[in-house]
Each structure stands twice: as C-alpha cells, then as structure tokens.
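Have a look at protein_3.cif below; it lists mmCIF, C-alpha atoms.
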data_upload
loop_
_atom_site.label_atom_id
_atom_site.label_comp_id
_atom_site.auth_asym_id
_atom_site.auth_seq_id
_atom_site.Cartn_x
_atom_site.Cartn_y
_atom_site.Cartn_z
CA MET A 1 45.92 75.62 -51.28
CA GLY A 2 47.19 72.29 -52.62
CA LYS A 3 45.47 68.97 -52.05
CA ILE A 4 46.28 66.99 -48.93
CA PRO A 5 48.49 64.02 -49.89
CA ARG A 6 46.61 60.69 -49.84
CA ALA A 7 49.21 59.11 -47.54
CA LEU A 8 48.69 61.92 -45.03
CA LYS A 9 44.92 61.41 -45.13
CA ARG A 10 45.37 57.71 -44.36
CA ARG A 11 47.56 58.52 -41.38
CA ALA A 12 45.54 61.49 -40.10
CA ARG A 13 43.89 59.57 -37.27
CA LEU A 14 47.17 58.00 -36.14
CA LEU A 15 48.83 61.43 -36.11
CA VAL A 16 45.98 62.87 -34.03
CA GLN A 17 46.16 59.92 -31.62
CA LEU A 18 49.92 60.24 -31.21
CA GLY A 19 49.73 64.01 -30.87
CA TRP A 20 46.98 63.90 -28.25
CA ALA A 21 48.70 61.14 -26.27
CA ALA A 22 51.91 63.19 -26.20
CA LEU A 23 50.10 66.42 -25.33
CA SER A 24 47.98 64.97 -22.52
CA ASN A 25 50.94 63.02 -21.09
CA GLY A 26 53.59 65.65 -21.56
CA TYR A 27 55.19 65.59 -18.11
CA VAL A 28 58.33 63.74 -19.19
CA GLN A 29 60.05 64.21 -15.82
CA GLY A 30 57.35 62.08 -14.26
CA PHE A 31 58.36 59.05 -16.32
CA LEU A 32 62.02 59.62 -15.51
CA GLY A 33 61.57 60.15 -11.78
CA GLY A 34 58.59 57.91 -11.04
CA LYS A 35 56.43 60.80 -9.82
CA ILE A 36 53.09 62.19 -10.95
CA TRP A 37 52.22 65.74 -11.97
CA ARG A 38 50.25 67.57 -9.28
CA GLY A 39 49.79 70.90 -11.01
CA GLY A 40 46.56 72.82 -11.46
CA THR A 41 45.68 71.12 -14.75
CA LYS A 42 44.93 67.91 -12.84
CA ALA A 43 41.67 69.53 -11.75
CA PHE A 44 40.38 69.21 -15.32
CA CYS A 45 39.27 66.09 -17.15
CA VAL A 46 40.52 64.93 -20.53
CA PRO A 47 38.08 63.13 -22.86
CA GLY A 48 39.59 59.63 -22.94
CA LEU A 49 40.98 57.11 -20.46
CA ASN A 50 44.10 58.74 -19.06
CA CYS A 51 44.96 57.62 -15.54
CA TYR A 52 45.43 60.40 -12.97
CA SER A 53 48.42 58.47 -11.62
CA CYS A 54 50.18 58.19 -14.98
CA PRO A 55 53.60 59.85 -14.46
CA GLY A 56 53.12 62.02 -17.54
CA ALA A 57 49.42 62.84 -17.21
CA LEU A 58 48.58 66.53 -17.16
CA GLY A 59 44.83 66.03 -16.70
CA ALA A 60 42.39 63.72 -14.96
CA CYS A 61 40.55 60.69 -16.33
CA PRO A 62 36.78 61.40 -16.41
CA LEU A 63 35.98 57.81 -15.42
CA GLY A 64 38.26 57.95 -12.38
CA SER A 65 37.01 61.43 -11.50
CA LEU A 66 33.40 60.25 -11.62
CA GLN A 67 34.15 57.37 -9.24
CA VAL A 68 36.01 59.68 -6.84
CA SER A 69 33.19 62.22 -6.77
CA LEU A 70 30.58 59.50 -6.20
CA ALA A 71 32.68 57.73 -3.56
CA THR A 72 33.23 60.96 -1.62
CA HIS A 73 29.64 62.15 -2.17
CA SER A 74 30.84 65.35 -3.79
CA GLY A 75 27.79 66.82 -5.48
CA ARG A 76 29.79 69.60 -7.09
CA GLY A 77 32.43 67.20 -8.40
CA THR A 78 29.81 64.79 -9.73
CA ALA A 79 27.99 67.61 -11.51
CA TYR A 80 31.23 68.79 -13.15
CA VAL A 81 32.27 65.34 -14.39
CA LEU A 82 28.79 64.39 -15.61
CA GLY A 83 28.48 67.75 -17.35
CA PHE A 84 31.85 67.20 -19.04
CA LEU A 85 30.93 63.68 -20.17
CA ILE A 86 27.54 64.79 -21.48
CA LEU A 87 29.08 67.70 -23.38
CA VAL A 88 31.76 65.56 -25.03
CA GLY A 89 29.32 62.75 -25.75
CA ALA A 90 26.74 65.14 -27.20
CA LEU A 91 29.36 66.60 -29.52
CA ILE A 92 31.19 63.54 -30.91
CA GLY A 93 29.92 60.44 -29.09
CA ARG A 94 32.40 57.58 -29.25
CA GLY A 95 34.64 59.56 -31.57
CA VAL A 96 36.71 60.04 -28.40
CA CYS A 97 37.51 56.32 -28.44
CA GLY A 98 38.71 56.41 -32.02
CA TRP A 99 40.77 59.59 -31.85
CA LEU A 100 41.53 60.78 -28.30
CA CYS A 101 42.11 57.73 -26.08
CA PRO A 102 45.74 56.70 -25.40
CA PHE A 103 44.74 53.14 -24.52
CA GLY A 104 42.80 52.91 -27.75
CA LEU A 105 45.98 53.92 -29.56
CA VAL A 106 47.90 51.15 -27.78
CA GLN A 107 45.35 48.58 -28.94
CA ASP A 108 45.48 49.89 -32.50
CA LEU A 109 49.25 49.51 -32.59
CA LEU A 110 49.14 46.04 -31.06
CA HIS A 111 46.65 44.89 -33.69
CA LYS A 112 49.11 45.83 -36.43
CA ILE A 113 51.44 43.03 -35.25
CA PRO A 114 51.24 40.17 -37.76
CA PHE A 115 49.44 37.03 -36.60
CA PRO A 116 48.54 33.89 -38.57
CA GLN A 117 44.81 34.11 -37.89
CA LYS A 118 43.11 37.36 -36.90
CA LEU A 119 39.59 37.15 -35.47
CA ARG A 120 36.73 39.44 -36.40
CA LYS A 121 35.25 38.94 -32.92
CA LEU A 122 35.56 36.69 -29.89
CA PRO A 123 33.21 33.72 -29.35
CA GLY A 124 30.19 34.97 -27.45
CA ASP A 125 30.65 38.50 -28.83
CA ARG A 126 26.95 39.32 -28.62
CA VAL A 127 26.90 38.65 -24.87
CA LEU A 128 30.40 39.91 -24.08
CA LYS A 129 29.56 43.37 -25.44
CA TRP A 130 27.20 43.87 -22.50
CA LEU A 131 30.02 43.52 -19.95
CA LYS A 132 31.07 47.14 -20.38
CA TYR A 133 27.57 48.31 -19.46
CA LEU A 134 27.57 46.10 -16.37
CA LEU A 135 30.97 47.52 -15.37
CA LEU A 136 29.67 51.05 -15.95
CA ALA A 137 26.62 50.48 -13.76
CA GLY A 138 28.28 48.33 -11.10
CA PHE A 139 31.95 49.29 -10.76
CA VAL A 140 31.70 52.96 -11.79
CA VAL A 141 28.39 54.03 -10.24
CA ILE A 142 26.75 51.61 -7.78
CA LEU A 143 29.73 50.28 -5.82
CA PRO A 144 31.53 53.65 -5.36
CA LEU A 145 28.24 55.16 -4.29
CA PHE A 146 26.95 52.48 -1.91
CA ALA A 147 29.84 50.20 -0.86
CA LEU A 148 31.14 52.39 1.96
CA ASP A 149 33.81 51.94 4.60
CA ALA A 150 33.55 52.70 8.31
CA PHE A 151 34.00 56.40 7.57
CA GLY A 152 31.18 56.50 5.04
CA GLN A 153 33.51 56.72 2.03
CA GLY A 154 33.50 54.57 -1.10
CA THR A 155 36.38 53.69 -3.41
CA THR A 156 37.21 53.74 -7.11
CA TRP A 157 36.24 50.15 -7.87
CA PHE A 158 36.92 50.09 -11.60
CA CYS A 159 40.23 51.93 -11.29
CA LYS A 160 41.35 49.83 -8.35
CA TYR A 161 40.35 46.36 -9.50
CA VAL A 162 40.04 46.38 -13.30
CA CYS A 163 41.37 49.30 -15.36
CA PRO A 164 44.17 48.02 -17.65
CA SER A 165 44.87 51.53 -18.91
CA GLY A 166 45.86 52.59 -15.41
CA THR A 167 48.10 49.54 -15.06
CA LEU A 168 49.87 50.20 -18.36
CA LEU A 169 50.19 53.98 -18.16
CA ALA A 170 50.57 54.37 -14.40
CA GLY A 171 51.23 51.15 -12.49
CA TRP A 172 53.98 49.70 -14.67
CA PRO A 173 55.88 52.98 -15.30
CA LEU A 174 55.76 53.97 -11.61
CA ALA A 175 56.92 50.53 -10.50
CA ALA A 176 59.75 50.58 -13.04
CA ALA A 177 61.02 54.00 -11.94
CA ASN A 178 60.39 53.75 -8.18
CA GLU A 179 62.30 51.05 -6.31
CA GLY A 180 60.50 51.73 -3.03
CA LEU A 181 57.13 51.26 -4.68
CA ARG A 182 58.14 47.90 -6.15
CA GLY A 183 58.68 46.55 -2.66
CA ALA A 184 55.11 47.41 -1.66
CA LEU A 185 53.38 45.72 -4.60
CA GLY A 186 51.01 42.90 -3.76
CA TRP A 187 48.27 40.67 -5.14
CA LEU A 188 46.24 43.54 -6.55
CA PHE A 189 49.09 44.66 -8.81
CA THR A 190 49.55 41.04 -9.94
CA TRP A 191 45.82 40.69 -10.66
CA LYS A 192 45.65 43.89 -12.71
CA SER A 193 48.85 43.03 -14.54
CA ALA A 194 47.29 39.70 -15.50
CA ILE A 195 44.23 41.49 -16.91
CA LEU A 196 46.49 43.80 -18.91
CA ILE A 197 48.65 40.99 -20.27
CA VAL A 198 45.57 39.06 -21.43
CA LEU A 199 44.24 42.17 -23.18
CA ILE A 200 47.62 42.84 -24.82
CA LEU A 201 47.66 39.32 -26.24
CA LEU A 202 44.03 39.53 -27.34
CA SER A 203 44.65 42.90 -29.01
CA VAL A 204 47.05 41.24 -31.43
CA VAL A 205 44.36 38.77 -32.50
CA VAL A 206 41.11 40.74 -32.28
CA TYR A 207 40.60 44.47 -32.82
CA ARG A 208 40.25 46.52 -29.61
CA PRO A 209 39.01 43.87 -27.14
CA PHE A 210 38.96 46.30 -24.22
CA CYS A 211 36.89 48.85 -26.13
CA ARG A 212 34.48 46.16 -27.31
CA TYR A 213 33.88 44.35 -24.07
CA LEU A 214 35.17 46.11 -20.95
CA CYS A 215 35.43 49.89 -21.27
CA PRO A 216 32.74 51.72 -19.24
CA LEU A 217 33.77 55.07 -20.71
CA GLY A 218 33.20 53.76 -24.23
CA ALA A 219 29.86 52.34 -23.10
CA LEU A 220 28.82 55.76 -21.83
CA TYR A 221 29.97 57.68 -24.90
CA GLY A 222 28.37 55.06 -27.15
CA LEU A 223 24.93 55.93 -25.77
CA PHE A 224 25.35 59.35 -27.40
CA ASN A 225 26.26 58.06 -30.88
CA PRO A 226 22.68 58.12 -32.26
CA VAL A 227 22.03 61.65 -30.99
CA SER A 228 25.41 63.42 -30.97
CA LEU A 229 25.94 66.58 -32.98
CA VAL A 230 28.38 64.82 -35.32
CA ARG A 231 26.78 61.71 -36.79
CA ILE A 232 27.38 59.41 -39.74
CA ARG A 233 24.95 59.77 -42.63
CA VAL A 234 24.20 57.13 -45.27
CA SER A 235 22.92 58.27 -48.67
CA GLU A 236 20.10 55.99 -49.85
CA ALA A 237 20.67 57.24 -53.37
CA LYS A 238 24.28 56.06 -53.39
CA CYS A 239 24.37 53.07 -51.02
CA ILE A 240 23.90 49.65 -52.67
CA SER A 241 24.31 47.65 -49.43
CA CYS A 242 27.49 46.00 -50.71
CA GLY A 243 28.89 45.54 -47.20
CA ALA A 244 32.28 47.08 -47.98
CA CYS A 245 31.94 49.35 -44.95
CA GLN A 246 31.33 46.41 -42.63
CA LYS A 247 34.26 44.48 -44.08
CA ALA A 248 36.57 47.42 -43.44
CA CYS A 249 35.25 48.00 -39.92
CA GLY A 250 37.49 46.50 -37.26
CA LEU A 251 34.45 46.15 -35.00
CA ASP A 252 32.41 44.38 -37.71
CA ILE A 253 29.59 46.95 -37.66
CA PRO A 254 27.13 46.95 -40.61
CA VAL A 255 27.52 50.69 -41.09
CA TRP A 256 25.06 50.76 -43.98
CA LYS A 257 22.37 49.47 -41.59
CA THR A 258 23.35 51.12 -38.28
CA PRO A 259 25.67 54.03 -39.09
CA ASN A 260 25.57 55.32 -35.53
CA SER A 261 25.78 52.09 -33.58
CA PRO A 262 26.83 52.50 -29.92
CA GLU A 263 29.78 50.22 -30.76
CA CYS A 264 31.16 52.56 -33.44
CA ILE A 265 34.36 54.41 -32.46
CA ARG A 266 34.13 56.62 -35.58
CA CYS A 267 37.59 55.75 -36.84
CA GLY A 268 36.61 56.57 -40.43
CA LYS A 269 37.75 53.33 -42.09
CA CYS A 270 34.27 52.80 -43.53
CA PHE A 271 34.46 56.15 -45.34
CA ALA A 272 37.63 55.15 -47.17
CA ALA A 273 36.24 51.69 -47.99
CA CYS A 274 32.89 52.78 -49.46
CA PRO A 275 33.19 52.47 -53.27
CA HIS A 276 30.24 54.80 -53.88
CA ALA A 277 31.01 57.61 -51.41
CA ALA A 278 27.69 56.93 -49.71
CA LEU A 279 28.90 57.89 -46.23
CA SER A 280 29.34 61.37 -44.85
CA VAL A 281 29.53 63.21 -41.54
CA SER A 282 26.61 65.55 -41.14
CA PRO A 283 26.02 67.51 -37.94
CA GLY A 284 22.39 67.52 -36.93
CA LYS A 285 21.06 65.69 -39.99
CA LYS A 286 19.17 62.44 -40.19
CA GLU A 287 21.21 59.26 -40.29
CA ILE A 288 19.83 58.08 -43.63
CA SER A 289 18.74 60.24 -46.53
#
Produce structure tokens that represent the structure in this file.
Amino acid sequence: MGKIPRALKRRARLLVQLGWAALSNGYVQGFLGGKIWRGGTKAFCVPGLNCYSCPGALGACPLGSLQVSLATHSGRGTAYVLGFLILVGALIGRGVCGWLCPFGLVQDLLHKIPFPQKLRKLPGDRVLKWLKYLLLAGFVVILPLFALDAFGQGTTWFCKYVCPSGTLLAGWPLAAANEGLRGALGWLFTWKSAILIVLILLSVVVYRPFCRYLCPLGALYGLFNPVSLVRIRVSEAKCISCGACQKACGLDIPVWKTPNSPECIRCGKCFAACPHAALSVSPGKKEIS
C-alpha cells in the first residue's frame, strides 16, 4: 500500500468530523420540513452533543438523555446512559470532543475566520474552566433530580436554559422551517439565542469557548482522560520540553507536562508540532516513559 498523502493526514480529523456530523444528522427531510426523526434509532445515544430535537438527528444526545432519565426517575434509563458515557469515556476520554461532536466542529470552523487579534484564552480562564463542572453537577444532575413540579417530575435544565448546540442545531432550523412554531417563540428562545450568538462571536476570537468553559459533557469525558484506554504518552528520552506542543495546542495545554489533562480534546495538533516525535498514543501504557 502507498503512503497516505500528507495533506490528507492534516485533514483527517476534519473529514471525520464532517462525516460523523453528516451520518448522525442524516435525516435531510427533517431540515426541509421542520420536523424531527422519531424512528427507532432515537432510542440510542450518540457520543457527542447532538440535540434530540435537531431535524436531522438520528440518535439521542447522551447529556439530554441523562437529564430526562433523572428528571423522570427512570432507573433503567439512567443506568443505560451512565453505562454508555462510562464506556465511551473509558475508551477515548475527551477524544469525543475533538472528533465526534458536531458543535465542536462548528467552533473549529468559526475559529478559522480571520481576526486581527486571536486570544489564547479568556481573562479569568483558570476560574472559568470550572463553570462546566458546576453546570454538570447543578444543571445536569441536581436540578433535574430534585427540582420537581407538582407531579413529581423534573425537567432538562441544561437543555432548556443553556445548551447552545440545541439552539443552533434544533431551535434555529425548526423555527426557520416551521412558521407555526415561530409564532410561539418567547423569552426563552431569545435568551438561548443570545447565549449562542455570544459563543459564535467568541469562537472567532478564542478556540472552542464552549468546550473550555461551559460543556458538561466535555467535563464528564475529561475526567476519564488520565485513565482511558487510549492515552497520550510522552517519551522522556525524546522530549526536551521545548513547548512546541503547547504552542500548537488551541487550548494552551502544556502537553509535555500533562499529556492527559482533563481539558485535552485529543485533536492531535501536538503530535504534528512535536519536532522530536516524542508523543504517541499508547493504549494502557504509562503517560510518561
């Protein structure tokens, strides 16, 4: 077999992202008619953020599914979703964010737009990074589980009040294609649209602001990075601590120090940037050797 062209290697992640986004949102009629797919595949989760109400979505978002199962006190549903999240996290950790999340792809593309001054991080980055863990604990787990209505049911707090992915991939397309729905939109749609617009603008200036600061799913997967089957390995014999990996990293992670940081989305840019080939992916091995 011939060698893989260098240009194809550089675009491999983008091709996977585009292919997965198209595959998991393949119900084209939904976008045209302003309706969502209700087939049997909606009973199964996909790895990344992919709103159940997206007109093209063929599967369910694990974050939304977890909130629904907790809000309705479905033990079986909760066990399925948690089992799915643990399995995916244990295999590739936050690699889902870098390769299999449609909203991550949107942020990647937005960041390619030229801007006079790009930022490595937002002011207060060290504190802001904890917001996604607070959203995971509060809006995904605690509120759906304990903030109940008169019938003893909770609601999907993160999906309903925050999720910009749902607004972009579901709310806006459905409103555009469904005239009747547009007439029923209120303050909540305006609020979530404002969140999305701010994140769109920020994505041009700073790399993946939603993933860095607000995504509960990324926060959950990130906890598995140090222990997942697929981990990043740094060779002590080759690494000279030059910092080239950190410079190439859009999230400004010192890969040579913390190769499996919970913030790492495993995009692979550090591998291409390392001048000494000191980085590798090694299932089940120690991080540094």
So, with all atoms listed in the file as the atoms that count, which of A:Lys129, A:Leu214, A:Phe115, A:Trp187 lies closest to A:Val162?
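For A:Val162, the nearest of the candidates is A:Leu214.
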Hey, what's within 10 Å of stretch 76-80 of chain A if we count all atoms listed in the file and toss same-chain stuff fewer than 5 positions away? As a ChimeraX atom specification, please?
/A:44-45,62,65-71,85-86
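Among A:Val96, A:Gly83, A:Ala90, A:Pro55, the residue with the shortest atom-to-atom distance to A:Lys35, counting all atoms listed in the file, is A:Pro55.
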From the set A:Gly250, A:Pro47, A:Gly222, A:Gly98, which residue has the shortest atom-to-atom contact distance to A:Leu63, counting all atoms listed in the file?
A:Pro47
Return as a PyMOL selection string the set of residues that the PyMOL selection byres ((chain A and resi 19-32) around 12) yields on the displayed structure.
chain A and resi 12-18+33-39+41-42+44-61+96+98-106+169-178
Pick from A:Leu148, A:Ala43, A:Cys264, A:Leu168: nearest to A:Arg208, with all atoms listed in the file counted?
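Using all atoms listed in the file, the shortest distance to A:Arg208 belongs to A:Cys264.
Our summary of the geometry notes that atom CA of A:Pro164 is positioned 5.0 Å from atom CA of A:Leu196.
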Spatial neighbours of stretch 118-124 of chain A, 10 Å, all atoms listed in the file, chain gap at least 2 places, as a CSV table (one decimal) with C-alpha atoms, keeping the file's coordinate frame:
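part08.csv, written as the output of this step:
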chain,number,residue,atom,x,y,z
A,111,HIS,CA,46.6,44.9,-33.7
A,114,PRO,CA,51.2,40.2,-37.8
A,115,PHE,CA,49.4,37.0,-36.6
A,116,PRO,CA,48.5,33.9,-38.6
A,126,ARG,CA,27.0,39.3,-28.6
A,127,VAL,CA,26.9,38.6,-24.9
A,128,LEU,CA,30.4,39.9,-24.1
A,129,LYS,CA,29.6,43.4,-25.4
A,202,LEU,CA,44.0,39.5,-27.3
A,203,SER,CA,44.6,42.9,-29.0
A,204,VAL,CA,47.0,41.2,-31.4
A,205,VAL,CA,44.4,38.8,-32.5
A,206,VAL,CA,41.1,40.7,-32.3
A,207,TYR,CA,40.6,44.5,-32.8
A,208,ARG,CA,40.2,46.5,-29.6
A,209,PRO,CA,39.0,43.9,-27.1
A,212,ARG,CA,34.5,46.2,-27.3
A,213,TYR,CA,33.9,44.4,-24.1
A,247,LYS,CA,34.3,44.5,-44.1
A,249,CYS,CA,35.2,48.0,-39.9
A,250,GLY,CA,37.5,46.5,-37.3
A,251,LEU,CA,34.4,46.2,-35.0
A,252,ASP,CA,32.4,44.4,-37.7
How big is the axis-aligned box around all listed atoms of stretch 62-76 of chain A once 3 Å goes on each side, and where's its centre, in Å to one decimal, as JSON?
{"center_x": 33.0, "center_y": 63.5, "center_z": -9.0, "size_x": 16.5, "size_y": 18.2, "size_z": 20.8}
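Across the model, the gap from atom CA of A:Asp108 to atom CA of A:Leu201 is 12.5 Å.
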In Å, how far is it from atom CA of A:Ala237 to atom CA of A:Ser282?
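Here the two named atoms are 15.9 Å from each other.
Using only C-alpha atoms, the protein and nucleic acid residues lying no more than 6 Å from A:Phe158, apart from those fewer than 5 places from it along its own chain, are A:Phe139, A:Val140, A:Cys163.
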Pick out the residues sitting within 10 Å of A:Phe271, and hand them over as a list in words; count all atoms listed in the file, and ignore anything fewer than 2 positions along from it in its own chain.
Ile232, Ala244, Cys245, Ala248, Cys249, Val255, Arg266, Cys267, Gly268, Lys269, Ala273, Cys274, Pro275, His276, Ala277, Ala278, Leu279, Ser280 and Val281 of chain A
Would you fill the gaps in stretch 64-75 of chain A so it has all heavy atoms, then print it as a compact mmCIF listing (two decimals), in the frame of the given file?
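Contents of selection_4.txt, freshly written:
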# COMPACT_ATOMS: atom_id res chain seq x y z
N GLY A 64 37.73 57.95 -13.74
CA GLY A 64 38.26 57.95 -12.38
C GLY A 64 37.68 59.09 -11.57
O GLY A 64 37.34 58.93 -10.40
N SER A 65 37.55 60.26 -12.20
CA SER A 65 37.01 61.43 -11.50
C SER A 65 35.56 61.21 -11.09
O SER A 65 35.14 61.63 -10.01
CB SER A 65 37.10 62.67 -12.41
OG SER A 65 38.44 62.96 -12.73
N LEU A 66 34.79 60.53 -11.96
CA LEU A 66 33.40 60.25 -11.62
C LEU A 66 33.32 59.33 -10.41
O LEU A 66 32.52 59.55 -9.49
CB LEU A 66 32.70 59.62 -12.82
CG LEU A 66 31.22 59.25 -12.62
CD1 LEU A 66 30.39 60.48 -12.25
CD2 LEU A 66 30.66 58.58 -13.87
N GLN A 67 34.15 58.30 -10.38
CA GLN A 67 34.15 57.37 -9.24
C GLN A 67 34.56 58.08 -7.95
O GLN A 67 33.96 57.85 -6.89
CB GLN A 67 35.12 56.22 -9.51
CG GLN A 67 34.67 55.28 -10.61
CD GLN A 67 35.78 54.32 -11.02
OE1 GLN A 67 36.00 53.32 -10.37
NE2 GLN A 67 36.49 54.66 -12.09
N VAL A 68 35.57 58.95 -8.02
CA VAL A 68 36.01 59.68 -6.84
C VAL A 68 34.90 60.58 -6.30
O VAL A 68 34.63 60.62 -5.10
CB VAL A 68 37.27 60.51 -7.15
CG1 VAL A 68 37.57 61.47 -5.99
CG2 VAL A 68 38.46 59.61 -7.40
N SER A 69 34.25 61.29 -7.21
CA SER A 69 33.19 62.22 -6.77
C SER A 69 32.00 61.47 -6.18
O SER A 69 31.39 61.91 -5.20
CB SER A 69 32.74 63.10 -7.95
OG SER A 69 32.19 62.32 -8.99
N LEU A 70 31.67 60.30 -6.75
CA LEU A 70 30.58 59.50 -6.20
C LEU A 70 30.97 58.87 -4.86
O LEU A 70 30.18 58.84 -3.93
CB LEU A 70 30.18 58.40 -7.19
CG LEU A 70 29.49 58.86 -8.48
CD1 LEU A 70 29.29 57.67 -9.41
CD2 LEU A 70 28.17 59.54 -8.19
N ALA A 71 32.21 58.39 -4.78
CA ALA A 71 32.68 57.73 -3.56
C ALA A 71 32.79 58.69 -2.39
O ALA A 71 32.60 58.30 -1.23
CB ALA A 71 34.03 57.07 -3.81
N THR A 72 33.09 59.96 -2.69
CA THR A 72 33.23 60.96 -1.62
C THR A 72 31.97 61.80 -1.46
O THR A 72 31.95 62.75 -0.69
CB THR A 72 34.41 61.88 -1.92
OG1 THR A 72 34.23 62.51 -3.20
CG2 THR A 72 35.72 61.10 -1.93
N HIS A 73 30.93 61.45 -2.23
CA HIS A 73 29.64 62.15 -2.17
C HIS A 73 29.80 63.65 -2.44
O HIS A 73 29.17 64.48 -1.77
CB HIS A 73 28.97 61.91 -0.82
CG HIS A 73 28.87 60.47 -0.45
ND1 HIS A 73 28.02 59.59 -1.09
CD2 HIS A 73 29.54 59.71 0.46
CE1 HIS A 73 28.15 58.38 -0.58
NE2 HIS A 73 29.08 58.41 0.36
N SER A 74 30.64 63.96 -3.41
CA SER A 74 30.84 65.35 -3.79
C SER A 74 29.84 65.73 -4.89
O SER A 74 30.04 65.39 -6.06
CB SER A 74 32.28 65.57 -4.29
OG SER A 74 32.42 66.85 -4.87
N GLY A 75 28.80 66.42 -4.51
CA GLY A 75 27.79 66.82 -5.48
C GLY A 75 28.35 67.73 -6.55
O GLY A 75 28.03 67.60 -7.75
